[in-house]
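J.: Here it is, the structure in full.
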Amino acid sequence: MSKKISDINIKVGLDVNNVPEKIAWTASDTQNESQNIKAFLLSVWDEKEQNTLRMDLWTKEMSVEEMNKFFFQTYLTMADTFERATNEDGIGNAMRDFAEFFGEKMGVIKPTGKFDSPQ
C-alpha cells in the first residue's frame, strides 16, 4: 500500500511593493502548526524541458548574516543530497570544501587556514 499524498503549503504575505513581509509553511502529514520562516529556496526538475525551475524568496527582515548562514547550510545540504543521489563522494566532498570556503569568507565559520593563499 502506498503512502498518502502530503500537501506542502507556503503562504507569502507581500507589502504594497510585492516584497515578502511574511512567509509561513505547513505540511499536511505533520501535526505542527504553520511555521514562520524568513527565506526558502525551491528547485524542481522539469522532466519534459530538462530544466530546473526555481523560486527564491526571503523577507525584508532577513539580515545579511542570516542569509550567509542560510547559504552555507544550504551548500552543505546540497552536497549531502547530491552524494546520496549519485554516490559521487568525490564531488560531494568538493562541494563541502566550497561550502567551507564560503563559510570562512562570509564569516559564518572560523577560518581554518585551509584556503589561505600561499605567500
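By convention in this document, the chains of the C-alpha cells carry letters A, B, ... by their order, each chain's residues are numbered from 1, and ligands are numbered from 1 in the order they are shown.
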Among chain A, which residues carry a DSSP assignment of alpha helix (DSSP H), reported as a PyMOL selection string?

T.: chain A and resi 64-86+89-105

J.: Let's have the selection written as a short mmCIF file (atom, residue, chain, number, x, y, z; two decimals), in the first residue's frame, with N, CA and C atoms.

T.:
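The result, stored in again.cif:
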```cif
data_model
loop_
_atom_site.label_atom_id
_atom_site.label_comp_id
_atom_site.auth_asym_id
_atom_site.auth_seq_id
_atom_site.Cartn_x
_atom_site.Cartn_y
_atom_site.Cartn_z
N VAL A 64 21.70 40.08 6.36
CA VAL A 64 22.78 39.54 5.53
C VAL A 64 23.47 38.40 6.27
N GLU A 65 23.67 38.55 7.57
CA GLU A 65 24.31 37.49 8.35
C GLU A 65 23.47 36.20 8.31
N GLU A 66 22.16 36.34 8.44
CA GLU A 66 21.28 35.17 8.35
C GLU A 66 21.34 34.55 6.95
N MET A 67 21.38 35.39 5.92
CA MET A 67 21.45 34.88 4.55
C MET A 67 22.77 34.13 4.34
N ASN A 68 23.86 34.64 4.91
CA ASN A 68 25.15 33.94 4.80
C ASN A 68 25.07 32.55 5.42
N LYS A 69 24.48 32.46 6.61
CA LYS A 69 24.32 31.15 7.28
C LYS A 69 23.40 30.24 6.48
N PHE A 70 22.33 30.82 5.96
CA PHE A 70 21.36 30.05 5.17
C PHE A 70 22.03 29.43 3.95
N PHE A 71 22.83 30.20 3.24
CA PHE A 71 23.51 29.67 2.06
C PHE A 71 24.59 28.66 2.45
N PHE A 72 25.34 28.92 3.49
CA PHE A 72 26.35 27.97 3.96
C PHE A 72 25.71 26.62 4.25
N GLN A 73 24.63 26.62 5.02
CA GLN A 73 23.96 25.38 5.38
C GLN A 73 23.31 24.73 4.16
N THR A 74 22.80 25.54 3.24
CA THR A 74 22.20 25.00 2.01
C THR A 74 23.25 24.32 1.15
N TYR A 75 24.44 24.91 1.03
CA TYR A 75 25.52 24.27 0.27
C TYR A 75 25.87 22.90 0.86
N LEU A 76 25.95 22.83 2.19
CA LEU A 76 26.25 21.54 2.83
C LEU A 76 25.14 20.52 2.57
N THR A 77 23.89 20.96 2.65
CA THR A 77 22.76 20.08 2.39
C THR A 77 22.76 19.59 0.95
N MET A 78 23.08 20.49 0.02
CA MET A 78 23.14 20.11 -1.39
C MET A 78 24.22 19.06 -1.62
N ALA A 79 25.35 19.20 -0.96
CA ALA A 79 26.43 18.22 -1.09
C ALA A 79 25.96 16.86 -0.59
N ASP A 80 25.31 16.83 0.57
CA ASP A 80 24.81 15.57 1.13
C ASP A 80 23.77 14.93 0.20
N THR A 81 22.84 15.73 -0.30
CA THR A 81 21.80 15.22 -1.18
C THR A 81 22.39 14.69 -2.48
N PHE A 82 23.31 15.45 -3.07
CA PHE A 82 23.94 15.02 -4.32
C PHE A 82 24.68 13.70 -4.12
N GLU A 83 25.40 13.60 -3.02
CA GLU A 83 26.16 12.37 -2.74
C GLU A 83 25.23 11.17 -2.55
N ARG A 84 24.15 11.35 -1.81
CA ARG A 84 23.19 10.25 -1.61
C ARG A 84 22.54 9.83 -2.93
N ALA A 85 22.25 10.82 -3.79
CA ALA A 85 21.54 10.53 -5.04
C ALA A 85 22.43 9.91 -6.10
N THR A 86 23.73 10.21 -6.07
CA THR A 86 24.62 9.80 -7.16
C THR A 86 25.76 8.88 -6.74
N ASP A 89 31.00 10.50 -4.09
CA ASP A 89 31.52 11.08 -2.86
C ASP A 89 32.65 12.08 -3.12
N GLY A 90 33.39 11.93 -4.20
CA GLY A 90 34.45 12.89 -4.50
C GLY A 90 33.89 14.28 -4.78
N ILE A 91 32.85 14.34 -5.60
CA ILE A 91 32.22 15.63 -5.90
C ILE A 91 31.49 16.15 -4.66
N GLY A 92 30.87 15.25 -3.90
CA GLY A 92 30.22 15.68 -2.66
C GLY A 92 31.22 16.34 -1.72
N ASN A 93 32.41 15.76 -1.61
CA ASN A 93 33.45 16.36 -0.76
C ASN A 93 33.93 17.69 -1.33
N ALA A 94 34.02 17.79 -2.65
CA ALA A 94 34.42 19.06 -3.27
C ALA A 94 33.37 20.14 -2.99
N MET A 95 32.11 19.74 -3.02
CA MET A 95 31.04 20.70 -2.72
C MET A 95 31.12 21.14 -1.26
N ARG A 96 31.45 20.21 -0.36
CA ARG A 96 31.62 20.58 1.06
C ARG A 96 32.81 21.51 1.24
N ASP A 97 33.88 21.26 0.47
CA ASP A 97 35.03 22.17 0.52
C ASP A 97 34.62 23.58 0.12
N PHE A 98 33.80 23.68 -0.95
CA PHE A 98 33.33 25.01 -1.35
C PHE A 98 32.48 25.63 -0.25
N ALA A 99 31.61 24.82 0.36
CA ALA A 99 30.78 25.34 1.45
C ALA A 99 31.65 25.88 2.57
N GLU A 100 32.70 25.14 2.90
CA GLU A 100 33.62 25.59 3.96
C GLU A 100 34.32 26.88 3.55
N PHE A 101 34.77 26.95 2.30
CA PHE A 101 35.40 28.17 1.77
C PHE A 101 34.43 29.35 1.89
N PHE A 102 33.19 29.14 1.44
CA PHE A 102 32.16 30.17 1.51
C PHE A 102 31.93 30.59 2.97
N GLY A 103 31.79 29.61 3.84
CA GLY A 103 31.54 29.89 5.25
C GLY A 103 32.64 30.71 5.89
N GLU A 104 33.88 30.39 5.54
CA GLU A 104 35.01 31.17 6.08
C GLU A 104 34.99 32.59 5.54
N LYS A 105 34.83 32.73 4.23
CA LYS A 105 34.89 34.06 3.60
C LYS A 105 33.74 34.95 4.05
#
```

J.: Could you check the closest approach to Ile37 in chain A for each of A:Ile5, A:Leu53, A:Val108, A:Met62 and tell me which residue wins, using only C-alpha atoms?

T.: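 Checking each candidate against Ile37 in chain A, we get A:Met62 as the closest.
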
J.: Looking at only C-alpha atoms, which of A:Lys3, A:Lys110, A:Lys38, A:Arg54 is the one that sits closest to Pro20 in chain A?

T.: A:Lys38

J.: Which residues come within 10 Å of Lys60 in chain A, counting only C-alpha atoms, excluding same-chain residues fewer than 2 positions away, as number ranges by chain?

T.: A: 15, 19-22, 38-39, 57-58, 62-63

J.: Keeping only N, CA and C atoms, write those residues as a PDB file, in the first residue's frame.

T.:
```
ATOM      1  N   ASP A  15       4.114  43.113   0.892  1.00  0.00           N
ATOM      2  CA  ASP A  15       3.818  44.501   1.190  1.00  0.00           C
ATOM      3  C   ASP A  15       3.255  45.167  -0.074  1.00  0.00           C
ATOM      4  N   VAL A  19       6.960  42.931  -1.995  1.00  0.00           N
ATOM      5  CA  VAL A  19       8.140  42.384  -1.329  1.00  0.00           C
ATOM      6  C   VAL A  19       7.638  41.521  -0.170  1.00  0.00           C
ATOM      7  N   PRO A  20       8.154  40.285  -0.053  1.00  0.00           N
ATOM      8  CA  PRO A  20       7.684  39.410   1.030  1.00  0.00           C
ATOM      9  C   PRO A  20       7.921  40.020   2.415  1.00  0.00           C
ATOM     10  N   GLU A  21       6.851  40.081   3.195  1.00  0.00           N
ATOM     11  CA  GLU A  21       6.929  40.531   4.586  1.00  0.00           C
ATOM     12  C   GLU A  21       6.867  39.353   5.543  1.00  0.00           C
ATOM     13  N   LYS A  22       6.136  38.323   5.142  1.00  0.00           N
ATOM     14  CA  LYS A  22       5.949  37.157   5.999  1.00  0.00           C
ATOM     15  C   LYS A  22       5.845  35.918   5.108  1.00  0.00           C
ATOM     16  N   LYS A  38      11.954  32.924   7.292  1.00  0.00           N
ATOM     17  CA  LYS A  38      12.408  34.154   6.661  1.00  0.00           C
ATOM     18  C   LYS A  38      12.824  33.975   5.214  1.00  0.00           C
ATOM     19  N   ALA A  39      13.089  32.725   4.798  1.00  0.00           N
ATOM     20  CA  ALA A  39      13.531  32.503   3.423  1.00  0.00           C
ATOM     21  C   ALA A  39      13.313  31.058   3.025  1.00  0.00           C
ATOM     22  N   LEU A  57      12.687  33.115  -2.327  1.00  0.00           N
ATOM     23  CA  LEU A  57      12.047  34.237  -1.635  1.00  0.00           C
ATOM     24  C   LEU A  57      12.655  34.406  -0.250  1.00  0.00           C
ATOM     25  N   TRP A  58      12.727  35.649   0.184  1.00  0.00           N
ATOM     26  CA  TRP A  58      13.156  35.960   1.540  1.00  0.00           C
ATOM     27  C   TRP A  58      12.461  37.237   1.966  1.00  0.00           C
ATOM     28  N   MET A  62      15.112  39.586   6.834  1.00  0.00           N
ATOM     29  CA  MET A  62      16.242  38.656   6.882  1.00  0.00           C
ATOM     30  C   MET A  62      17.536  39.439   6.729  1.00  0.00           C
ATOM     31  N   SER A  63      18.409  39.272   7.698  1.00  0.00           N
ATOM     32  CA  SER A  63      19.677  40.013   7.676  1.00  0.00           C
ATOM     33  C   SER A  63      20.679  39.339   6.740  1.00  0.00           C
TER      34      SER A  63
END
```
